[in-house]
Every structure is written in structure tokens, then in C-alpha cells.
file protein17.cif (mmCIF, C-alpha atoms)
data_target
loop_
_atom_site.label_atom_id
_atom_site.label_comp_id
_atom_site.auth_asym_id
_atom_site.auth_seq_id
_atom_site.Cartn_x
_atom_site.Cartn_y
_atom_site.Cartn_z
CA MET A 28 -4.49 -11.05 26.51
CA ASN A 29 -4.69 -9.16 23.23
CA ILE A 30 -2.63 -9.90 20.13
CA LEU A 31 -2.15 -8.03 16.87
CA ILE A 32 -1.43 -9.93 13.65
CA THR A 33 -0.50 -7.72 10.71
CA GLY A 34 -0.98 -9.21 7.25
CA VAL A 35 -3.79 -11.41 8.56
CA ALA A 36 -5.23 -12.00 5.08
CA GLY A 37 -1.86 -13.24 3.92
CA PHE A 38 -0.70 -16.84 3.79
CA ILE A 39 1.08 -17.08 7.15
CA GLY A 40 -1.07 -14.49 8.93
CA PHE A 41 -4.28 -16.34 8.07
CA HIS A 42 -2.98 -19.67 9.34
CA LEU A 43 -1.63 -18.10 12.53
CA ALA A 44 -4.93 -16.35 13.31
CA LYS A 45 -6.86 -19.57 12.73
CA ARG A 46 -4.56 -21.57 14.99
CA LEU A 47 -4.73 -19.01 17.81
CA ALA A 48 -8.50 -18.65 17.50
CA GLU A 49 -8.92 -22.42 17.83
CA GLU A 50 -6.73 -22.47 20.94
CA ASN A 51 -8.89 -19.67 22.41
CA ILE A 52 -6.09 -18.25 24.58
CA TYR A 53 -6.42 -14.62 23.51
CA GLU A 54 -9.43 -12.48 24.35
CA ASN A 55 -8.94 -10.41 21.21
CA ILE A 56 -7.08 -11.46 18.08
CA ILE A 57 -6.89 -8.28 16.04
CA GLY A 58 -5.95 -8.76 12.41
CA ILE A 59 -5.12 -6.00 9.95
CA ASP A 60 -4.42 -6.13 6.22
CA ASN A 61 -4.58 -3.64 3.38
CA LEU A 62 -5.81 -6.30 0.90
CA ASN A 63 -3.53 -4.98 -1.83
CA SER A 64 -3.58 -6.37 -5.36
CA TYR A 65 -0.05 -7.84 -5.44
CA TYR A 66 -1.86 -11.14 -6.01
CA ASP A 67 -5.49 -12.25 -6.26
CA VAL A 68 -7.49 -10.23 -3.72
CA ASN A 69 -10.29 -12.82 -3.84
CA LEU A 70 -7.93 -15.41 -2.36
CA LYS A 71 -7.21 -13.03 0.50
CA LYS A 72 -10.92 -12.38 1.03
CA ASP A 73 -11.64 -16.12 1.00
CA ARG A 74 -9.01 -16.62 3.69
CA LEU A 75 -10.77 -13.97 5.78
CA LYS A 76 -14.10 -15.75 5.25
CA GLN A 77 -12.55 -18.83 6.86
CA LEU A 78 -11.87 -16.71 9.95
CA GLU A 79 -15.37 -15.21 10.26
CA PRO A 80 -16.80 -18.00 12.47
CA TYR A 81 -14.24 -17.25 15.18
CA LYS A 82 -15.73 -14.64 17.49
CA ASN A 83 -12.41 -13.70 19.07
CA ILE A 84 -11.00 -12.46 15.75
CA LYS A 85 -11.63 -8.87 14.70
CA PHE A 86 -10.49 -7.67 11.28
CA TYR A 87 -9.59 -4.11 10.29
CA LYS A 88 -8.76 -3.14 6.73
CA LEU A 89 -5.72 -1.04 7.44
CA ASP A 90 -2.38 -0.23 5.85
CA LEU A 91 0.79 -0.07 7.97
CA ALA A 92 1.47 3.32 6.38
CA GLU A 93 -1.62 4.74 8.13
CA LYS A 94 0.32 5.90 11.17
CA ASP A 95 -2.51 7.61 13.08
CA ASN A 96 -4.87 4.65 12.65
CA ILE A 97 -2.15 2.21 13.70
CA PHE A 98 -1.50 4.25 16.85
CA GLU A 99 -5.22 4.44 17.60
CA LEU A 100 -5.49 0.65 17.36
CA PHE A 101 -2.60 0.19 19.78
CA LYS A 102 -4.16 2.62 22.25
CA LYS A 103 -7.52 0.87 22.05
CA TYR A 104 -6.36 -2.71 22.56
CA LYS A 105 -3.11 -2.33 24.53
CA PHE A 106 -1.58 -5.34 22.80
CA ASP A 107 0.40 -7.86 24.78
CA ILE A 108 1.96 -9.42 21.68
CA VAL A 109 2.43 -8.07 18.16
CA VAL A 110 3.22 -10.41 15.26
CA ASN A 111 4.21 -8.37 12.22
CA LEU A 112 3.74 -10.47 9.09
CA ALA A 113 2.60 -7.69 6.75
CA ALA A 114 5.13 -6.92 4.04
CA GLN A 115 5.57 -6.49 0.34
CA ALA A 116 6.81 -9.96 -0.52
CA GLY A 117 8.55 -11.42 -3.54
CA VAL A 118 12.12 -11.25 -4.74
CA ARG A 119 11.37 -10.86 -8.45
CA TYR A 120 8.70 -8.19 -7.99
CA SER A 121 11.26 -6.07 -6.13
CA LEU A 122 13.12 -5.69 -9.43
CA LYS A 123 10.00 -4.19 -11.03
CA ASN A 124 8.49 -2.10 -8.25
CA PRO A 125 11.16 -1.24 -5.66
CA TYR A 126 9.22 1.63 -4.10
CA ALA A 127 6.50 -0.73 -2.87
CA TYR A 128 9.11 -2.43 -0.67
CA ILE A 129 10.25 0.80 0.94
CA ASP A 130 6.68 1.97 1.59
CA SER A 131 5.55 -1.28 3.21
CA ASN A 132 8.64 -2.94 4.62
CA ILE A 133 10.48 0.16 5.86
CA PHE A 134 7.96 2.92 6.56
CA GLY A 135 5.25 0.45 7.55
CA PHE A 136 7.53 -1.41 9.94
CA LEU A 137 8.71 1.87 11.44
CA ASN A 138 5.10 2.67 12.34
CA ILE A 139 4.83 -0.69 14.13
CA LEU A 140 8.05 -0.02 16.05
CA GLU A 141 6.92 3.47 17.02
CA ALA A 142 3.53 2.14 18.13
CA CYS A 143 5.28 -0.49 20.28
CA ARG A 144 7.53 2.22 21.71
CA HIS A 145 4.63 4.44 22.79
CA ASN A 146 2.32 1.56 23.76
CA PRO A 147 4.65 -0.99 25.40
CA VAL A 148 4.15 -4.62 24.43
CA LYS A 149 5.44 -7.81 26.04
CA HIS A 150 6.84 -9.18 22.79
CA LEU A 151 7.22 -8.06 19.18
CA VAL A 152 7.64 -10.95 16.75
CA PHE A 153 8.38 -10.00 13.15
CA ALA A 154 8.88 -11.80 9.87
CA SER A 155 12.26 -11.78 8.23
CA SER A 156 13.37 -14.07 5.41
CA SER A 157 15.95 -16.61 4.33
CA SER A 158 16.66 -14.13 1.52
CA VAL A 159 18.83 -12.11 3.91
CA TYR A 160 21.59 -14.72 3.55
CA GLY A 161 22.29 -13.39 0.05
CA LEU A 162 25.78 -14.24 -1.15
CA ASN A 163 26.53 -16.43 1.87
CA ALA A 164 27.81 -19.84 0.74
CA LYS A 165 28.40 -21.48 4.12
CA MET A 166 25.70 -24.11 4.66
CA PRO A 167 23.51 -24.51 6.58
CA PHE A 168 22.65 -20.83 7.03
CA SER A 169 23.11 -19.80 10.66
CA ILE A 170 21.67 -16.84 12.54
CA HIS A 171 25.15 -16.42 14.02
CA ASP A 172 26.69 -15.65 10.61
CA ASN A 173 27.02 -12.18 9.13
CA VAL A 174 24.40 -11.34 6.49
CA ASP A 175 25.59 -8.08 4.95
CA HIS A 176 25.45 -9.10 1.28
CA PRO A 177 21.82 -9.29 0.11
CA VAL A 178 21.13 -9.79 -3.61
CA SER A 179 17.65 -8.26 -3.85
CA LEU A 180 15.94 -5.16 -2.50
CA TYR A 181 13.39 -7.41 -0.80
CA ALA A 182 16.22 -9.10 1.12
CA ALA A 183 17.74 -5.71 1.95
CA THR A 184 14.45 -4.49 3.44
CA LYS A 185 14.18 -7.64 5.56
CA LYS A 186 17.72 -7.16 6.81
CA ALA A 187 16.78 -3.54 7.51
CA ASN A 188 13.82 -4.76 9.58
CA GLU A 189 16.19 -6.78 11.73
CA LEU A 190 18.43 -3.76 12.25
CA MET A 191 15.51 -1.46 13.00
CA ALA A 192 14.03 -3.90 15.51
CA HIS A 193 17.39 -4.30 17.22
CA THR A 194 17.78 -0.54 17.51
CA TYR A 195 14.36 -0.16 19.15
CA SER A 196 15.03 -3.14 21.36
CA HIS A 197 18.29 -1.52 22.49
CA LEU A 198 16.94 1.99 22.94
CA TYR A 199 13.47 1.27 24.34
CA LYS A 200 13.84 -2.29 25.71
CA ILE A 201 11.18 -3.70 23.40
CA PRO A 202 11.57 -7.52 23.49
CA SER A 203 11.86 -8.39 19.80
CA THR A 204 12.28 -11.63 17.88
CA GLY A 205 12.90 -11.88 14.14
CA LEU A 206 11.94 -15.04 12.26
CA ARG A 207 13.74 -15.97 9.06
CA PHE A 208 11.23 -18.06 7.16
CA PHE A 209 12.46 -20.54 4.55
CA THR A 210 10.27 -21.03 1.41
CA VAL A 211 6.89 -21.53 3.03
CA TYR A 212 4.33 -23.68 1.17
CA GLY A 213 1.00 -25.39 1.78
CA PRO A 214 -2.80 -24.93 1.48
CA TRP A 215 -3.98 -21.34 0.95
CA GLY A 216 -0.47 -20.47 -0.26
CA ARG A 217 0.61 -17.49 -2.33
CA PRO A 218 -0.02 -17.62 -6.11
CA ASP A 219 3.37 -16.03 -6.82
CA MET A 220 5.26 -18.93 -5.24
CA ALA A 221 6.74 -21.81 -7.25
CA LEU A 222 4.43 -24.52 -5.91
CA PHE A 223 1.31 -22.58 -6.86
CA ILE A 224 2.69 -21.52 -10.26
CA PHE A 225 3.90 -25.01 -11.16
CA THR A 226 0.73 -26.76 -9.98
CA LYS A 227 -1.51 -24.39 -11.94
CA ALA A 228 0.57 -24.79 -15.11
CA ILE A 229 0.69 -28.59 -14.89
CA PHE A 230 -3.08 -28.81 -14.43
CA GLU A 231 -3.55 -26.52 -17.45
CA GLY A 232 -0.96 -28.30 -19.60
CA LYS A 233 1.14 -25.15 -19.87
CA PRO A 234 4.96 -25.02 -19.64
CA ILE A 235 6.77 -23.94 -16.50
CA ASN A 236 9.95 -21.86 -16.39
CA VAL A 237 12.68 -23.61 -14.41
CA PHE A 238 15.50 -21.20 -13.60
CA ASN A 239 19.22 -21.95 -13.41
CA TYR A 240 18.41 -25.01 -15.54
CA GLY A 241 16.95 -26.72 -12.46
CA LYS A 242 20.21 -26.60 -10.52
CA MET A 243 18.71 -25.07 -7.39
CA LYS A 244 17.84 -26.24 -3.89
CA ARG A 245 15.29 -24.89 -1.46
CA ASP A 246 14.58 -25.63 2.18
CA PHE A 247 10.81 -25.92 1.60
CA THR A 248 8.95 -25.54 4.90
CA TYR A 249 5.33 -26.62 5.36
CA ILE A 250 2.93 -24.00 6.71
CA ASP A 251 1.89 -25.98 9.81
CA ASP A 252 5.55 -26.23 10.84
CA ILE A 253 5.99 -22.50 10.34
CA ILE A 254 2.97 -21.78 12.54
CA GLU A 255 4.11 -24.17 15.25
CA GLY A 256 7.45 -22.38 15.30
CA VAL A 257 5.83 -18.94 15.46
CA VAL A 258 3.49 -19.94 18.30
CA ARG A 259 6.32 -21.38 20.37
CA VAL A 260 8.53 -18.35 19.79
CA MET A 261 5.71 -15.99 20.79
CA ASP A 262 5.87 -17.49 24.29
CA LYS A 263 9.67 -17.26 24.41
CA ILE A 264 10.29 -13.63 25.28
CA PRO A 265 13.93 -12.80 24.48
CA GLU A 266 16.35 -11.72 27.17
CA PRO A 267 19.71 -9.97 26.84
CA ASN A 268 22.64 -12.25 26.15
CA LEU A 269 24.87 -11.56 29.16
CA ASN A 270 27.81 -13.22 27.41
CA TRP A 271 27.55 -11.08 24.26
CA ASP A 272 31.03 -10.00 23.21
CA PRO A 273 31.33 -6.58 21.49
CA PHE A 274 34.79 -7.55 20.22
CA ASN A 275 33.32 -10.62 18.50
CA PRO A 276 29.65 -9.65 18.03
CA ASP A 277 27.09 -12.40 17.54
CA PRO A 278 24.54 -11.26 14.90
CA GLY A 279 21.84 -13.59 16.28
CA THR A 280 21.70 -12.23 19.84
CA SER A 281 22.43 -8.99 21.68
CA THR A 282 22.85 -7.17 24.97
CA ALA A 283 19.31 -6.00 24.19
CA PRO A 284 16.24 -8.27 24.56
CA TYR A 285 16.56 -9.33 20.94
CA LYS A 286 16.83 -12.69 19.15
CA LEU A 287 16.74 -14.21 15.67
CA TYR A 288 15.61 -17.68 14.60
CA ASN A 289 15.57 -19.62 11.37
CA ILE A 290 12.37 -21.56 10.74
CA GLY A 291 13.18 -23.99 7.97
CA ASN A 292 12.88 -27.69 7.26
CA ASN A 293 16.65 -28.26 7.66
CA SER A 294 16.48 -30.49 4.56
CA PRO A 295 17.08 -28.81 1.16
CA VAL A 296 15.26 -30.32 -1.83
CA GLU A 297 16.53 -30.33 -5.41
CA LEU A 298 14.23 -28.26 -7.62
CA MET A 299 13.72 -31.14 -10.07
CA ASP A 300 12.74 -33.46 -7.19
CA PHE A 301 10.28 -30.79 -6.07
CA ILE A 302 8.75 -30.73 -9.55
CA SER A 303 8.57 -34.54 -9.62
CA ALA A 304 6.62 -34.51 -6.35
CA ILE A 305 4.12 -32.04 -7.86
CA GLU A 306 3.78 -34.23 -10.96
CA ASP A 307 3.03 -37.25 -8.78
CA ALA A 308 0.42 -35.38 -6.74
CA VAL A 309 -1.27 -33.88 -9.82
CA GLY A 310 -0.98 -37.04 -11.92
CA LYS A 311 0.46 -35.26 -14.96
CA LYS A 312 3.93 -34.53 -16.29
CA ALA A 313 5.20 -30.96 -16.45
CA LYS A 314 6.26 -29.23 -19.65
CA ILE A 315 9.53 -27.56 -18.77
CA ASN A 316 11.35 -24.53 -20.15
CA PHE A 317 14.87 -24.44 -18.71
CA CYS A 318 16.03 -20.85 -18.18
CA GLU A 319 19.03 -18.92 -16.93
CA MET A 320 19.32 -17.86 -13.30
CA GLN A 321 17.16 -14.86 -12.44
CA LYS A 322 18.61 -11.79 -10.79
CA GLY A 323 18.03 -11.67 -7.04
CA ASP A 324 17.57 -15.45 -6.61
CA LEU A 325 19.64 -17.67 -4.34
CA VAL A 326 21.01 -20.93 -5.73
CA ALA A 327 20.33 -22.78 -2.48
CA THR A 328 18.85 -22.29 0.97
CA TYR A 329 19.42 -24.49 4.01
CA ALA A 330 18.35 -23.58 7.55
CA ASP A 331 20.35 -24.23 10.67
CA VAL A 332 17.60 -24.63 13.29
CA ASP A 333 19.75 -25.52 16.30
CA ASP A 334 18.76 -22.37 18.20
CA LEU A 335 15.07 -22.94 17.53
CA MET A 336 15.35 -26.52 18.78
CA LYS A 337 17.38 -25.50 21.83
CA ASP A 338 15.16 -22.61 22.90
CA VAL A 339 11.63 -23.81 22.07
CA GLY A 340 12.07 -27.56 21.53
CA PHE A 341 10.83 -27.68 17.96
CA LYS A 342 12.10 -28.13 14.43
CA PRO A 343 10.04 -28.44 11.22
CA TYR A 344 9.58 -32.04 10.10
CA THR A 345 6.94 -32.33 7.33
CA ASP A 346 8.18 -34.33 4.33
CA ILE A 347 7.99 -32.44 1.02
CA LYS A 348 5.92 -35.16 -0.68
CA ASP A 349 3.33 -35.14 2.09
CA GLY A 350 3.16 -31.35 2.13
CA ILE A 351 2.74 -31.12 -1.65
CA LYS A 352 -0.04 -33.75 -1.59
CA ARG A 353 -1.92 -31.65 0.96
CA PHE A 354 -1.46 -28.51 -1.14
CA VAL A 355 -2.65 -30.19 -4.35
CA LYS A 356 -5.68 -31.61 -2.51
CA TRP A 357 -6.56 -28.09 -1.35
CA TYR A 358 -5.93 -26.69 -4.84
CA ARG A 359 -8.32 -29.22 -6.41
CA GLU A 360 -11.03 -28.38 -3.89
CA TYR A 361 -10.58 -24.61 -4.02
CA TYR A 362 -10.56 -24.40 -7.82
CA ASN A 363 -13.05 -27.25 -8.37
CA MET A 364 -10.59 -29.26 -10.43
#

call {"tool": "encode", "arguments": {"input": "protein17.cif", "output": "C-alpha cells"}}
result
Amino acid sequence: MNILITGVAGFIGFHLAKRLAEENIYENIIGIDNLNSYYDVNLKKDRLKQLEPYKNIKFYKLDLAEKDNIFELFKKYKFDIVVNLAAQAGVRYSLKNPYAYIDSNIFGFLNILEACRHNPVKHLVFASSSSVYGLNAKMPFSIHDNVDHPVSLYAATKKANELMAHTYSHLYKIPSTGLRFFTVYGPWGRPDMALFIFTKAIFEGKPINVFNYGKMKRDFTYIDDIIEGVVRVMDKIPEPNLNWDPFNPDPGTSTAPYKLYNIGNNSPVELMDFISAIEDAVGKKAKINFCEMQKGDLVATYADVDDLMKDVGFKPYTDIKDGIKRFVKWYREYYNM
């Protein structure tokens, strides 16, 4: 069995590759990443160093936009499973550099879909985001609800990925599953995420910007729970929903072999409680600048994980305080604090 993980030097991709390598199920775990400079490249390289001892992992520095090289890789390894985690991430950055999101998240994903079309795979699993829920106010967010009102270009590209994957699933019978991740955090996390930014600032005695005056909630989901969800979904190849009603269409399923899942902690945390947990783990109080709501942000996220639980028997469970303690422990060790 051969598997492709795109974005393998990224936060989720790294942890997934490590987990699969330790289980030693796949003959070849092929990881690709373009190692772009959206955030510290050294962190990405250090993640890859952690993977070097595993002989069943092979890394290629490759951009999803490199169509011919992507196709060549698919021809060489004849992948059974593809997990597409490569993307231009970040809501706020999409306000500054929108073209990066089209290049990576649209054109890049199209190359993956085309490669799967011409080199059939057993299952395509791809990353979506809780950001797709946009202006939705009904809580918890359900995969069975319409999500046609995104509030950032990043969210729009993730919604587009879902539509593109469904189209290819319908036309070419590619079994495809989209995963809407909810605010992932933990060791080896992304420096542009709140936990990393707040922890760094508190250690350095610098102020943190708290948007919407702290009146926000997030369904923070620990990285190990995310990976457990991904691994279980990989083995759950979607089948057509024979009861799908075109007069009352269900956005989460289809007559095609296509499915969506939320992977979230199903337990939103107040932003100020989140900050308090970081303060406790670091052992210092934060200096806080309260700010207005930023464009593109959601006030709250809350995952309905009933389908995940029903289909693969798992729901995230890690308590936010425990998860933050583990992150801060890693942060101290990595940065020699």
C-alpha cells in the first residue's frame, strides 16, 4: 500500500506521517511540500528531521502547481490513498495576499484531482476548514447545513475544494472525503496560530492583541485527536447515499462516493479562558490589548461530530488545559526556554 501526504512539512501533515510510519502499515509514505516561507521554514525543516529515522517515509520538495511532476509521482507510486493537506492557510493573510490562495488551494488542488482521475486511487481525503461555515449562526455547525456564505477568501477556497472534489467524485467516481478541521493546536503547531502567538508573547513579556474584545469562542481541537480522526476516516471509503434526495439535497453526502466530516472538540472555549490556560501553563500573566473584530474572523465555532462518531466511532476528547500544557512543554524544549 502506498500513500501520498501533501503538505507533509506542515503541522497536520507531519503528525500524520509520523503516526503512519510508526504503525508501519504502508510500504511507501510519500510526503511532498514546497517549504514556502509563509512561516518559519526552519520549523518545517525541523519537523522533517523528526521523520528522517523512518525508512518508509520518502520526502520530495514539490509544489502542487508543478503539474508534470505531480503526475509523474502518481505514475511512479500508484497511490492507494491520497491525503491532501497542502494549502495556503490563514484567514488574515488572505486579506493581504489573495493570489497565493488561488495558486495553492485552487490550481494546486485541481492538479491533485486530475492526477487522481488519470491514476485511480482508492480514497482521496482532503482538508477543508471550519471557516466554511462563515455567516452561519446555527450551532453546533453541521455538515448537513448549507455553507454558501463564507467571510474570507481562505474559506471560499476551502468551500471550492469541497465543490471541486464532489464534481470529480460524481464524474469520475473518485471516492472523496473532505475534513473540516476546527482550530487545531498542539506541539509543532503553526506560528501564525493564536496559541503560538500568545505563548511567545507571554514568555517575552509582550502584549497580545485580543480581537472582538475577547468575546469569541473556538472549538480548539488537539492535534492527536485530529490525527486519530484522519486515520479512521482514511479507512472509511465513502459510498453513494442511496437515500439522497435531489429535491431536498443534503450538503454532507451525495449520490456520488463523497462525504464530509467535522473534526472538532465539540466543546467551544471562551477566548479569555483559553488565555488563562496559557497563563497557567507558562506561569506568567498576559499583557492584553483588546481590539475590534478583524475582517474574515468568525465569532464562534462549534463542531457537530455526530457523523464522525456514527461512521468511525470516534470524537475528539482532549481537554484544552491538558493540550495547552503539552504545547507549552514542547515550546520550552524547542526554544530552550

call {"tool": "residues_around", "arguments": {"input": "protein17.cif", "residues": "stretch 313-320 of chain A", "least_positions_apart": "3", "cutoff": "12 Å", "atoms": "all atoms listed in the file", "output": "PDB file with C-alpha atoms, in the frame of the given file"}}
result
ATOM      1  CA  ARG A 119      11.370 -10.860  -8.450  1.00  0.00           C
ATOM      2  CA  ILE A 224       2.690 -21.520 -10.260  1.00  0.00           C
ATOM      3  CA  PHE A 225       3.900 -25.010 -11.160  1.00  0.00           C
ATOM      4  CA  THR A 226       0.730 -26.760  -9.980  1.00  0.00           C
ATOM      5  CA  LYS A 227      -1.510 -24.390 -11.940  1.00  0.00           C
ATOM      6  CA  ALA A 228       0.570 -24.790 -15.110  1.00  0.00           C
ATOM      7  CA  ILE A 229       0.690 -28.590 -14.890  1.00  0.00           C
ATOM      8  CA  PHE A 230      -3.080 -28.810 -14.430  1.00  0.00           C
ATOM      9  CA  GLU A 231      -3.550 -26.520 -17.450  1.00  0.00           C
ATOM     10  CA  GLY A 232      -0.960 -28.300 -19.600  1.00  0.00           C
ATOM     11  CA  LYS A 233       1.140 -25.150 -19.870  1.00  0.00           C
ATOM     12  CA  PRO A 234       4.960 -25.020 -19.640  1.00  0.00           C
ATOM     13  CA  ILE A 235       6.770 -23.940 -16.500  1.00  0.00           C
ATOM     14  CA  ASN A 236       9.950 -21.860 -16.390  1.00  0.00           C
ATOM     15  CA  VAL A 237      12.680 -23.610 -14.410  1.00  0.00           C
ATOM     16  CA  PHE A 238      15.500 -21.200 -13.600  1.00  0.00           C
ATOM     17  CA  ASN A 239      19.220 -21.950 -13.410  1.00  0.00           C
ATOM     18  CA  TYR A 240      18.410 -25.010 -15.540  1.00  0.00           C
ATOM     19  CA  GLY A 241      16.950 -26.720 -12.460  1.00  0.00           C
ATOM     20  CA  LYS A 242      20.210 -26.600 -10.520  1.00  0.00           C
ATOM     21  CA  MET A 243      18.710 -25.070  -7.390  1.00  0.00           C
ATOM     22  CA  LEU A 298      14.230 -28.260  -7.620  1.00  0.00           C
ATOM     23  CA  MET A 299      13.720 -31.140 -10.070  1.00  0.00           C
ATOM     24  CA  PHE A 301      10.280 -30.790  -6.070  1.00  0.00           C
ATOM     25  CA  ILE A 302       8.750 -30.730  -9.550  1.00  0.00           C
ATOM     26  CA  SER A 303       8.570 -34.540  -9.620  1.00  0.00           C
ATOM     27  CA  ALA A 304       6.620 -34.510  -6.350  1.00  0.00           C
ATOM     28  CA  ILE A 305       4.120 -32.040  -7.860  1.00  0.00           C
ATOM     29  CA  GLU A 306       3.780 -34.230 -10.960  1.00  0.00           C
ATOM     30  CA  ASP A 307       3.030 -37.250  -8.780  1.00  0.00           C
ATOM     31  CA  ALA A 308       0.420 -35.380  -6.740  1.00  0.00           C
ATOM     32  CA  VAL A 309      -1.270 -33.880  -9.820  1.00  0.00           C
ATOM     33  CA  GLY A 310      -0.980 -37.040 -11.920  1.00  0.00           C
ATOM     34  CA  GLY A 323      18.030 -11.670  -7.040  1.00  0.00           C
ATOM     35  CA  ASP A 324      17.570 -15.450  -6.610  1.00  0.00           C
ATOM     36  CA  LEU A 325      19.640 -17.670  -4.340  1.00  0.00           C
ATOM     37  CA  VAL A 326      21.010 -20.930  -5.730  1.00  0.00           C
ATOM     38  CA  ALA A 327      20.330 -22.780  -2.480  1.00  0.00           C
TER      39      ALA A 327
END

call {"tool": "atom_distance", "arguments": {"input": "protein17.cif", "atom1": "atom CA of A:Glu266", "atom2": "atom CA of A:Tyr285"}}
result
6.7 Å

call {"tool": "atom_distance", "arguments": {"input": "protein17.cif", "atom1": "atom CA of A:Tyr126", "atom2": "atom CA of A:Ser179"}}
result
13.0 Å

call {"tool": "resolve_selection", "arguments": {"input": "protein17.cif", "expression": "the PyMOL selection byres ((chain A and resi 161-176) around 7)", "output": "list in words"}}
result
Ser158, Val159, Tyr160, Pro177, Val178, Asp277, Pro278, Gly279, Leu287, Tyr288, Asn289, Leu325, Tyr329, Ala330 and Asp331 of chain A

call {"tool": "residues_around", "arguments": {"input": "protein17.cif", "residues": "A:Ile250", "least_positions_apart": "4", "cutoff": "12 Å", "atoms": "all atoms listed in the file", "output": "JSON list (two decimals) with C-alpha atoms, in the coordinates of the input"}}
result
[["chain", "number", "residue", "atom", "x", "y", "z"],
["A", 38, "PHE", "CA", -0.70, -16.84, 3.79],
["A", 39, "ILE", "CA", 1.08, -17.08, 7.15],
["A", 40, "GLY", "CA", -1.07, -14.49, 8.93],
["A", 41, "PHE", "CA", -4.28, -16.34, 8.07],
["A", 42, "HIS", "CA", -2.98, -19.67, 9.34],
["A", 43, "LEU", "CA", -1.63, -18.10, 12.53],
["A", 46, "ARG", "CA", -4.56, -21.57, 14.99],
["A", 208, "PHE", "CA", 11.23, -18.06, 7.16],
["A", 209, "PHE", "CA", 12.46, -20.54, 4.55],
["A", 210, "THR", "CA", 10.27, -21.03, 1.41],
["A", 211, "VAL", "CA", 6.89, -21.53, 3.03],
["A", 212, "TYR", "CA", 4.33, -23.68, 1.17],
["A", 213, "GLY", "CA", 1.00, -25.39, 1.78],
["A", 214, "PRO", "CA", -2.80, -24.93, 1.48],
["A", 215, "TRP", "CA", -3.98, -21.34, 0.95],
["A", 216, "GLY", "CA", -0.47, -20.47, -0.26],
["A", 217, "ARG", "CA", 0.61, -17.49, -2.33],
["A", 254, "ILE", "CA", 2.97, -21.78, 12.54],
["A", 255, "GLU", "CA", 4.11, -24.17, 15.25],
["A", 256, "GLY", "CA", 7.45, -22.38, 15.30],
["A", 257, "VAL", "CA", 5.83, -18.94, 15.46],
["A", 290, "ILE", "CA", 12.37, -21.56, 10.74],
["A", 291, "GLY", "CA", 13.18, -23.99, 7.97],
["A", 292, "ASN", "CA", 12.88, -27.69, 7.26],
["A", 343, "PRO", "CA", 10.04, -28.44, 11.22],
["A", 344, "TYR", "CA", 9.58, -32.04, 10.10],
["A", 345, "THR", "CA", 6.94, -32.33, 7.33],
["A", 346, "ASP", "CA", 8.18, -34.33, 4.33],
["A", 347, "ILE", "CA", 7.99, -32.44, 1.02],
["A", 350, "GLY", "CA", 3.16, -31.35, 2.13],
["A", 351, "ILE", "CA", 2.74, -31.12, -1.65],
["A", 353, "ARG", "CA", -1.92, -31.65, 0.96],
["A", 354, "PHE", "CA", -1.46, -28.51, -1.14]]

call {"tool": "resolve_selection", "arguments": {"input": "protein17.cif", "expression": "the PyMOL selection byres ((chain A and resi 68-78) around 12)", "output": "number ranges by chain"}}
result
A: 34-49, 56-67, 79-88, 214-218, 358, 361-362

call {"tool": "atom_distance", "arguments": {"input": "protein17.cif", "atom1": "atom CA of A:Lys322", "atom2": "atom CA of A:Ala192"}}
result
27.8 Å

call {"tool": "residues_around", "arguments": {"input": "protein17.cif", "residues": "A:His145", "least_positions_apart": "4", "cutoff": "10 Å", "atoms": "only C-alpha atoms", "output": "JSON, numbers by chain"}}
result
{"A": [98, 101, 102, 140, 141, 199]}

call {"tool": "closest_residue", "arguments": {"input": "protein17.cif", "among": "A:Arg245, A:Lys337, A:His193, A:Lys312", "to": "A:Ala221", "atoms": "all atoms listed in the file"}}
result
A:Arg245

call {"tool": "resolve_selection", "arguments": {"input": "protein17.cif", "expression": "the PyMOL selection byres ((chain A and resi 338) around 12)", "output": "list in words"}}
result
Gly256, Arg259, Val260, Met261, Asp262, Lys263, Ile264, Pro265, Glu266, Lys286, Leu287, Tyr288, Asn289, Val332, Asp333, Asp334, Leu335, Met336, Lys337, Val339, Gly340, Phe341 and Lys342 of chain A

call {"tool": "residues_around", "arguments": {"input": "protein17.cif", "residues": "stretch 146-153 of chain A", "least_positions_apart": "4", "cutoff": "8 Å", "atoms": "all atoms listed in the file", "output": "ChimeraX atom specification"}}
result
/A:101-102,105-112,142,201-206,261,264

call {"tool": "closest_residue", "arguments": {"input": "protein17.cif", "among": "A:Ala283, A:Cys143, A:Leu180, A:Leu89", "to": "A:Leu122", "atoms": "only C-alpha atoms"}}
result
A:Leu180
